[in-house]
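**Q** Structure file start_0.tsv (TSV, C-alpha atoms) is given on the next line.
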```
chain	number	residue	atom	x	y	z
V	1	MET	CA	33.76	75.31	12.55
V	2	LEU	CA	31.54	73.35	14.79
V	3	ALA	CA	31.60	69.65	14.36
V	4	GLU	CA	28.39	68.26	12.97
V	5	TYR	CA	26.29	66.59	15.66
V	6	THR	CA	24.72	63.31	14.73
V	7	GLU	CA	22.30	61.65	17.18
V	8	ALA	CA	23.15	58.05	17.83
V	9	PRO	CA	20.35	55.63	16.96
V	10	ALA	CA	18.34	54.46	19.93
V	11	ALA	CA	19.25	51.00	21.14
V	12	PRO	CA	16.45	48.48	20.70
V	13	VAL	CA	14.64	47.64	23.91
V	14	TRP	CA	13.50	44.12	22.98
V	15	PRO	CA	16.79	42.37	23.78
V	16	TYR	CA	16.61	43.75	27.32
V	17	VAL	CA	12.98	42.69	27.64
V	18	ASP	CA	13.92	39.24	26.39
V	19	ASP	CA	16.73	39.06	28.93
V	20	THR	CA	14.34	40.09	31.70
V	21	LEU	CA	11.76	37.51	30.70
V	22	THR	CA	14.46	34.87	30.50
V	23	MET	CA	15.55	35.69	34.04
V	24	LEU	CA	12.02	35.57	35.49
V	25	PRO	CA	11.92	31.78	36.04
V	26	LEU	CA	15.32	31.99	37.77
V	27	ARG	CA	14.17	34.87	39.96
V	28	TRP	CA	10.90	33.08	40.79
V	29	ALA	CA	12.81	29.95	41.70
V	30	SER	CA	15.04	32.02	43.99
V	31	ILE	CA	11.98	33.58	45.66
V	32	THR	CA	10.44	30.13	46.08
V	33	ARG	CA	13.63	28.79	47.67
V	34	ILE	CA	13.74	31.77	50.04
V	35	SER	CA	10.06	31.27	50.97
V	36	CYS	CA	10.61	27.58	51.67
V	37	PHE	CA	13.69	28.42	53.72
V	38	MET	CA	11.79	31.02	55.76
V	39	LEU	CA	8.92	28.59	56.39
V	40	SER	CA	11.37	25.92	57.54
V	41	PHE	CA	13.14	28.48	59.74
V	42	TYR	CA	9.81	29.62	61.22
V	43	GLU	CA	8.80	26.04	62.07
V	44	SER	CA	12.22	25.41	63.65
V	45	VAL	CA	11.82	28.48	65.83
V	46	LEU	CA	8.38	27.26	66.93
V	47	HIS	CA	9.89	23.92	67.95
V	48	ILE	CA	12.54	25.73	70.01
V	49	LEU	CA	9.91	27.92	71.70
V	50	ASP	CA	7.76	24.87	72.48
V	51	ASP	CA	10.76	23.09	74.03
V	52	PHE	CA	11.65	26.20	76.02
V	53	GLU	CA	8.09	26.56	77.37
V	54	ASN	CA	7.95	22.88	78.30
V	55	ALA	CA	11.32	23.12	80.07
V	56	THR	CA	10.55	26.31	82.01
V	57	SER	CA	7.17	25.00	83.11
V	58	ARG	CA	8.93	22.07	84.83
V	59	ILE	CA	11.47	24.15	86.75
V	60	GLY	CA	10.76	24.45	90.45
V	61	ARG	CA	7.11	23.36	90.42
V	62	GLY	CA	7.19	19.94	88.79
V	63	GLN	CA	5.16	18.83	85.78
V	64	THR	CA	1.89	20.49	86.84
V	65	ALA	CA	2.67	24.18	86.27
V	66	PRO	CA	2.72	25.00	82.55
V	67	LYS	CA	3.04	28.67	81.65
V	68	GLY	CA	2.37	30.82	78.63
V	69	LEU	CA	-0.30	31.86	76.15
V	70	ILE	CA	-2.50	29.45	74.17
V	71	CYS	CA	-3.75	31.01	70.93
V	72	VAL	CA	-6.97	29.40	69.69
V	73	THR	CA	-8.95	30.12	66.54
V	74	VAL	CA	-12.62	29.21	66.83
V	75	LEU	CA	-16.01	29.96	65.32
V	76	PRO	CA	-17.24	33.01	67.32
V	77	THR	CA	-20.72	31.61	67.97
V	78	PHE	CA	-19.36	28.29	69.28
V	79	ALA	CA	-16.93	30.14	71.55
V	80	ARG	CA	-19.65	32.41	72.92
V	81	LEU	CA	-22.19	29.64	73.51
V	82	HIS	CA	-19.99	26.80	74.72
V	83	MET	CA	-16.31	27.57	75.29
V	84	VAL	CA	-15.97	30.78	77.30
V	85	SER	CA	-18.11	29.32	80.08
V	86	LYS	CA	-15.58	26.50	80.51
V	87	LEU	CA	-12.51	28.73	80.96
V	88	ALA	CA	-12.96	29.64	84.64
V	89	ALA	CA	-12.33	26.06	85.75
V	90	PHE	CA	-9.31	25.86	83.45
V	91	PHE	CA	-7.70	29.01	84.88
V	92	ALA	CA	-8.42	27.82	88.43
V	93	SER	CA	-6.37	24.69	87.72
V	94	TYR	CA	-3.65	26.44	85.69
V	95	PRO	CA	-3.26	30.03	86.91
V	96	ASP	CA	-0.06	30.59	84.91
V	97	LEU	CA	-1.74	29.91	81.58
V	98	ALA	CA	-3.64	32.42	79.44
V	99	VAL	CA	-5.96	31.81	76.48
V	100	GLU	CA	-6.48	34.09	73.51
V	101	MET	CA	-9.39	33.31	71.18
V	102	ALA	CA	-9.56	34.68	67.66
V	103	ALA	CA	-12.58	34.54	65.38
V	104	SER	CA	-12.19	32.28	62.39
V	105	GLU	CA	-14.23	29.70	60.50
V	106	ARG	CA	-11.33	28.04	58.66
V	107	PRO	CA	-8.95	25.67	60.50
V	108	SER	CA	-6.32	26.28	57.79
V	109	THR	CA	-5.60	29.65	59.42
V	110	ILE	CA	-3.83	27.74	62.18
V	111	ILE	CA	-0.83	27.44	59.86
V	112	GLU	CA	-1.20	30.77	58.07
V	113	ASP	CA	-1.48	32.83	61.26
V	114	GLY	CA	0.52	30.73	63.72
V	115	PHE	CA	-2.24	29.63	66.11
V	116	ASP	CA	-1.65	26.82	68.58
V	117	LEU	CA	-5.06	25.27	68.06
V	118	ALA	CA	-8.21	25.49	65.98
V	119	ILE	CA	-11.67	24.29	67.01
V	120	HIS	CA	-13.58	22.76	64.11
V	121	SER	CA	-17.06	21.22	63.88
V	122	GLY	CA	-17.29	18.52	61.19
V	123	GLU	CA	-14.94	16.35	59.20
V	124	LEU	CA	-11.47	17.68	58.41
V	125	PRO	CA	-10.44	17.39	54.75
V	126	ASP	CA	-6.95	18.91	55.16
V	127	SER	CA	-4.44	16.10	55.77
V	128	THR	CA	-1.67	18.55	56.76
V	129	LEU	CA	-3.42	19.06	60.11
V	130	VAL	CA	-3.68	16.79	63.13
V	131	ALA	CA	-7.14	16.48	64.69
V	132	ARG	CA	-8.28	15.13	68.06
V	133	ARG	CA	-11.99	14.70	68.77
V	134	PHE	CA	-13.11	16.10	72.12
V	135	ALA	CA	-16.88	16.08	71.50
V	136	GLN	CA	-19.50	15.36	68.86
V	137	THR	CA	-22.80	16.81	67.80
V	138	MET	CA	-25.81	16.01	65.65
V	139	ILE	CA	-26.56	17.78	62.39
V	140	ILE	CA	-30.26	18.57	62.71
V	141	LEU	CA	-33.11	20.25	60.87
V	142	VAL	CA	-34.98	22.87	62.92
V	143	ALA	CA	-37.80	25.38	62.73
V	144	THR	CA	-39.89	27.33	65.21
V	145	PRO	CA	-43.37	26.18	66.30
V	146	HIS	CA	-44.70	29.46	64.86
V	147	TYR	CA	-43.29	28.71	61.40
V	148	LEU	CA	-44.57	25.11	61.49
V	149	SER	CA	-48.07	26.21	62.58
V	150	ARG	CA	-48.31	28.40	59.48
V	151	HIS	CA	-46.59	26.19	56.90
V	152	GLY	CA	-46.71	22.64	58.24
V	153	ALA	CA	-43.77	20.23	58.62
V	154	PRO	CA	-41.90	18.25	55.96
V	155	GLU	CA	-42.39	14.48	55.95
V	156	SER	CA	-39.25	13.55	54.01
V	157	PRO	CA	-36.10	15.21	52.57
V	158	GLU	CA	-37.79	15.25	49.15
V	159	ASP	CA	-40.63	17.25	50.69
V	160	LEU	CA	-38.31	20.14	51.65
V	161	ASN	CA	-38.57	21.82	48.25
V	162	ARG	CA	-42.04	23.05	49.29
V	163	PHE	CA	-40.69	24.89	52.34
V	164	ARG	CA	-38.84	28.16	52.75
V	165	ALA	CA	-35.32	27.77	54.17
V	166	VAL	CA	-32.82	29.96	55.96
V	167	VAL	CA	-29.97	29.44	53.51
V	168	PHE	CA	-26.31	29.28	54.45
V	169	VAL	CA	-23.89	30.38	51.75
V	170	GLU	CA	-20.12	30.04	51.59
V	171	ARG	CA	-18.05	32.05	49.10
V	172	GLY	CA	-21.27	32.91	47.31
V	173	SER	CA	-22.42	29.28	46.90
V	174	VAL	CA	-25.49	27.83	48.57
V	175	GLN	CA	-24.47	24.99	50.90
V	176	PRO	CA	-26.58	21.87	50.30
V	177	TRP	CA	-28.29	20.01	53.09
V	178	SER	CA	-27.14	16.42	53.58
V	179	PHE	CA	-29.20	13.62	55.11
V	180	GLY	CA	-27.83	10.23	56.09
V	181	SER	CA	-24.40	8.95	55.07
V	182	GLY	CA	-22.70	6.69	52.57
V	183	GLN	CA	-24.60	5.45	49.52
V	184	ASP	CA	-27.93	6.27	51.14
V	185	ALA	CA	-27.07	9.93	51.64
V	186	LYS	CA	-29.50	12.47	50.22
V	187	ARG	CA	-28.71	16.07	49.25
V	188	VAL	CA	-31.15	18.95	49.03
V	189	ILE	CA	-30.42	22.46	47.72
V	190	PRO	CA	-32.36	24.77	50.06
V	191	THR	CA	-34.17	27.86	48.79
V	192	GLY	CA	-35.46	30.87	50.68
V	193	VAL	CA	-35.66	34.64	50.84
V	194	PHE	CA	-32.93	34.98	53.49
V	195	ARG	CA	-29.37	33.90	52.72
V	196	THR	CA	-26.34	34.48	54.90
V	197	SER	CA	-22.71	33.45	55.29
V	198	ASP	CA	-22.84	34.02	59.06
V	199	ILE	CA	-23.99	31.17	61.29
V	200	GLU	CA	-25.24	33.54	64.00
V	201	GLN	CA	-27.42	35.32	61.45
V	202	MET	CA	-28.72	31.94	60.30
V	203	ARG	CA	-29.63	31.14	63.91
V	204	MET	CA	-31.48	34.44	64.29
V	205	GLY	CA	-33.27	33.89	60.97
V	206	VAL	CA	-34.72	30.65	62.30
V	207	LEU	CA	-35.75	32.28	65.59
V	208	GLU	CA	-37.48	35.06	63.61
V	209	HIS	CA	-39.58	32.38	61.85
V	210	LEU	CA	-37.99	32.95	58.43
V	211	GLY	CA	-37.78	29.27	57.59
V	212	ILE	CA	-36.18	25.88	58.22
V	213	ALA	CA	-32.43	25.46	58.67
V	214	GLN	CA	-29.96	22.61	58.94
V	215	ALA	CA	-27.33	23.21	61.61
V	216	PRO	CA	-25.26	21.55	64.34
V	217	ALA	CA	-27.37	20.87	67.42
V	218	TRP	CA	-25.06	22.99	69.59
V	219	LEU	CA	-26.22	26.10	67.73
V	220	PHE	CA	-29.77	25.69	69.14
V	221	ALA	CA	-28.97	23.91	72.42
V	222	ALA	CA	-30.80	26.43	74.64
V	223	GLU	CA	-33.77	26.74	72.28
V	224	LEU	CA	-34.15	22.96	72.04
V	225	ARG	CA	-34.29	22.73	75.84
V	226	GLU	CA	-36.87	25.52	75.99
V	227	GLY	CA	-38.95	24.18	73.10
V	228	SER	CA	-38.65	27.38	71.07
V	229	VAL	CA	-37.34	25.34	68.12
V	230	ILE	CA	-38.35	21.83	67.04
V	231	ARG	CA	-36.25	19.13	65.40
V	232	LEU	CA	-37.55	17.82	62.08
V	233	LEU	CA	-36.90	14.58	60.17
V	234	THR	CA	-34.95	13.12	63.09
V	235	PRO	CA	-34.36	9.71	61.40
V	236	PHE	CA	-32.13	11.50	58.90
V	237	GLU	CA	-29.88	13.22	61.46
V	238	ARG	CA	-26.18	12.38	61.53
V	239	ILE	CA	-23.29	12.74	63.96
V	240	VAL	CA	-20.20	14.85	63.23
V	241	PRO	CA	-17.10	15.29	65.40
V	242	ILE	CA	-15.96	18.48	67.11
V	243	LEU	CA	-12.21	18.60	66.74
V	244	ALA	CA	-9.18	20.25	68.30
V	245	VAL	CA	-6.92	20.81	65.30
V	246	ARG	CA	-3.22	21.62	65.27
V	247	SER	CA	-0.42	21.84	62.76
V	248	ALA	CA	1.30	18.54	61.94
V	249	SER	CA	4.62	20.38	61.67
V	250	ARG	CA	4.60	21.37	65.35
V	251	ARG	CA	5.02	18.99	68.24
V	252	LEU	CA	2.30	18.95	70.86
V	253	SER	CA	3.33	21.34	73.65
V	254	THR	CA	2.40	20.72	77.26
V	255	LYS	CA	0.12	23.75	77.48
V	256	VAL	CA	-1.83	22.75	74.35
V	257	ARG	CA	-2.14	19.13	75.48
V	258	ILE	CA	-3.51	20.25	78.85
V	259	PHE	CA	-6.03	22.57	77.20
V	260	ILE	CA	-7.29	19.80	74.89
V	261	GLU	CA	-7.63	17.44	77.86
V	262	HIS	CA	-9.65	20.12	79.68
V	263	LEU	CA	-11.98	20.39	76.69
V	264	GLU	CA	-12.44	16.61	76.63
V	265	LYS	CA	-13.24	16.49	80.34
V	266	THR	CA	-15.67	19.43	80.41
V	267	PHE	CA	-17.52	18.63	77.18
V	268	ALA	CA	-17.93	15.01	78.34
V	269	LEU	CA	-20.21	16.36	81.08
V	270	CYS	CA	-22.59	17.87	78.49
V	271	SER	CA	-25.10	15.33	77.16
V	272	GLN	CA	-25.74	17.44	74.07
V	273	PHE	CA	-22.14	16.82	72.98
V	274	ASN	CA	-22.41	13.07	73.46
V	275	PRO	CA	-25.45	11.96	71.46
V	276	LEU	CA	-26.36	8.31	71.72
V	277	ARG	CA	-26.63	7.77	67.99
```
Will you turn the file into structure tokens for me?

**A**
Amino acid sequence: MLAEYTEAPAAPVWPYVDDTLTMLPLRWASITRISCFMLSFYESVLHILDDFENATSRIGRGQTAPKGLICVTVLPTFARLHMVSKLAAFFASYPDLAVEMAASERPSTIIEDGFDLAIHSGELPDSTLVARRFAQTMIILVATPHYLSRHGAPESPEDLNRFRAVVFVERGSVQPWSFGSGQDAKRVIPTGVFRTSDIEQMRMGVLEHLGIAQAPAWLFAAELREGSVIRLLTPFERIVPILAVRSASRRLSTKVRIFIEHLEKTFALCSQFNPLR
């Protein structure tokens, strides 16, 4: 006679779920500790590599022969218009150094992606980074003579609401125009039919007579010299720094210091990067 088979009742799953949920904070804490450890380890390795590069650059040829690769993150338009042209003189002085430029508009990527240096136009809100000014520029309002001949020119910041703008957006939000500084600063929200998150497209929008734009003067340096764009409301212009930014957690290596000094020296020769006011 076969023994009667009785199926055992299924074990409840909730206790195991409860145990798993209870362990989640512990597991997350462990992951966090591992992440912090890996970040600390990564920064320690960078310090060792910097020391090694500094030491090897001094062997045999004195203090004037740094070697290695300098990784720089920079706004593509700024690099194309103003930085690449200054590299030939740098390589002539330091033939054992190489420079790699990557396109980025956020200096915070210097930590995330391990760059040596970031080039940033404007104030730097992130206190975890170290900034050194090597130039400065004016924030200006511009339009083409063709646009102004058809629509006229604004007489004050309050007058700008009557004019079509080439609008710069960031993360989907329209970036306001600022005039002056401190308590007297004025802000205007531009409006127009062409909006873009790319500064090169904004530049081309102005040159195609699509409206007025506010931008750093370096973006229209050639056009200002040629007279193909005109500055507007000049009493309300302001100066902003152009910065060489690096991580505060890394010591300044010889190769990076030399590159920053080269930027200071070469940009000092350009009047457009040293406005009088």

**Q** From the options V:Ala103, V:Val74, V:Val84, V:Ile230, which residue's atoms come nearest to Val206 in chain V, counting only C-alpha atoms?

**A**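 Closest to Val206 in chain V of all the choices is V:Ile230.
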
**Q** Looking at V:Phe90, V:Tyr147, V:Phe78, V:Phe168, which one is nearest to Leu207 in chain V, with distances taken over all atoms listed in the file?

**A**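 Ranked by minimum distance to Leu207 in chain V, first place goes to V:Tyr147.
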
**Q** Counting all atoms listed in the file, what is within 6 Å of range 112-115 of chain V, bar same-chain residues fewer than 2 positions away, as a list in words?

**A**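 Returned residues: Cys71, Val72, Thr109, Ile110 and Leu117 of chain V.
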
**Q** Find the distance between CA of His120 in chain V and CA of Ala135 in chain V and write it in Å to one decimal.

**A**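 Between CA of His120 in chain V and CA of Ala135 in chain V the gap works out to 10.5 Å.
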
**Q** Could you check the closest approach to Asp184 in chain V for each of V:Thr144, V:Phe236, V:Asp116, V:Thr128 and tell me which residue wins, using only C-alpha atoms?

**A**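 Of all the options, V:Phe236 lies closest to Asp184 in chain V.
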
**Q** Between V:Ile212, V:Val142, V:Val166, V:Ile258, which residue has the minimum interatomic distance to Glu237 in chain V, considering all atoms listed in the file?

**A**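 Smallest distance to Glu237 in chain V is found for V:Val142.
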
**Q** Hey, which of V:Ala88, V:Val99, V:Leu219, V:Val169 ends up closest to Ile140 in chain V? Count all atoms listed in the file.

**A**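 Comparing V:Ala88, V:Val99, V:Leu219, V:Val169 against Ile140 in chain V, the winner is V:Leu219.
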
**Q** Between V:Ala222, V:Leu252, V:Val188, V:Ala217, which has the minimum distance to Gln136 in chain V (counting only C-alpha atoms)?

**A**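 Smallest distance to Gln136 in chain V is found for V:Ala217.
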
**Q** Could you tell me how far CA of Thr234 in chain V sits from CA of Val193 in chain V, in Å to one decimal place?

**A**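 Answer for the CA of Val193 in chain V to CA of Thr234 in chain V separation: 24.8 Å.
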
**Q** Would you mind listing what lies within 6 Å of range 260-271 of chain V as a PDB file with C-alpha atoms, in the frame of the given file, with all atoms listed in the file counted and same-chain residues fewer than 3 positions away left out?

**A**
```pdb
ATOM      1  CA  PHE V 134     -13.110  16.100  72.120  1.00  0.00           C
ATOM      2  CA  ARG V 257      -2.140  19.130  75.480  1.00  0.00           C
ATOM      3  CA  ASN V 274     -22.410  13.070  73.460  1.00  0.00           C
TER       4      ASN V 274
END
```

**Q** Could you check how far CA of Arg162 in chain V sits from CA of Thr137 in chain V, in Å to one decimal?

**A** 27.4 Å

**Q** How big is the axis-aligned box around all listed atoms of range 117-125 of chain V once 6 Å goes on each side, and where's its centre, in Å to one decimal, as JSON?

**A**
```
{"center_x": -11.2, "center_y": 20.9, "center_z": 61.4, "size_x": 24.2, "size_y": 21.1, "size_z": 25.3}
```

**Q** Would you mind listing what lies within 12 Å of Leu148 in chain V as a list in words, with all atoms listed in the file counted and same-chain residues fewer than 6 positions away left out?

**A**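 Counting only the stated atoms, we get Val142, Pro154, Phe163, Arg164, Val206, His209, Leu210, Gly211, Ile212, Ser228, Val229, Ile230, Arg231 and Leu232 of chain V.
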
**Q** Could you turn the residues from that selection into a file that holds C-alpha atoms, as an mmCIF file, keeping the file's coordinate frame?

**A**
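Generated file (part_9.cif):
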```cif
data_model
loop_
_atom_site.group_PDB
_atom_site.id
_atom_site.type_symbol
_atom_site.label_atom_id
_atom_site.label_comp_id
_atom_site.auth_asym_id
_atom_site.auth_seq_id
_atom_site.Cartn_x
_atom_site.Cartn_y
_atom_site.Cartn_z
ATOM 1 C CA VAL V 142 -34.980 22.870 62.920
ATOM 2 C CA PRO V 154 -41.900 18.250 55.960
ATOM 3 C CA PHE V 163 -40.690 24.890 52.340
ATOM 4 C CA ARG V 164 -38.840 28.160 52.750
ATOM 5 C CA VAL V 206 -34.720 30.650 62.300
ATOM 6 C CA HIS V 209 -39.580 32.380 61.850
ATOM 7 C CA LEU V 210 -37.990 32.950 58.430
ATOM 8 C CA GLY V 211 -37.780 29.270 57.590
ATOM 9 C CA ILE V 212 -36.180 25.880 58.220
ATOM 10 C CA SER V 228 -38.650 27.380 71.070
ATOM 11 C CA VAL V 229 -37.340 25.340 68.120
ATOM 12 C CA ILE V 230 -38.350 21.830 67.040
ATOM 13 C CA ARG V 231 -36.250 19.130 65.400
ATOM 14 C CA LEU V 232 -37.550 17.820 62.080
#
```

**Q** Near Trp177 in chain V, within 9 Å and counting only C-alpha atoms, which residues show up once chain neighbours fewer than 2 positions away are dropped, as an NGL selection string?

**A** :V and (175 or 179 or 186-190 or 213-214)

**Q** Find the spatial neighbours of Pro95 in chain V, counting all atoms listed in the file, within a cut-off of 12 Å - ignore same-chain residues fewer than 6 positions away - and output them as a PyMOL selection string.

**A** chain V and resi 64-69+87-89+255
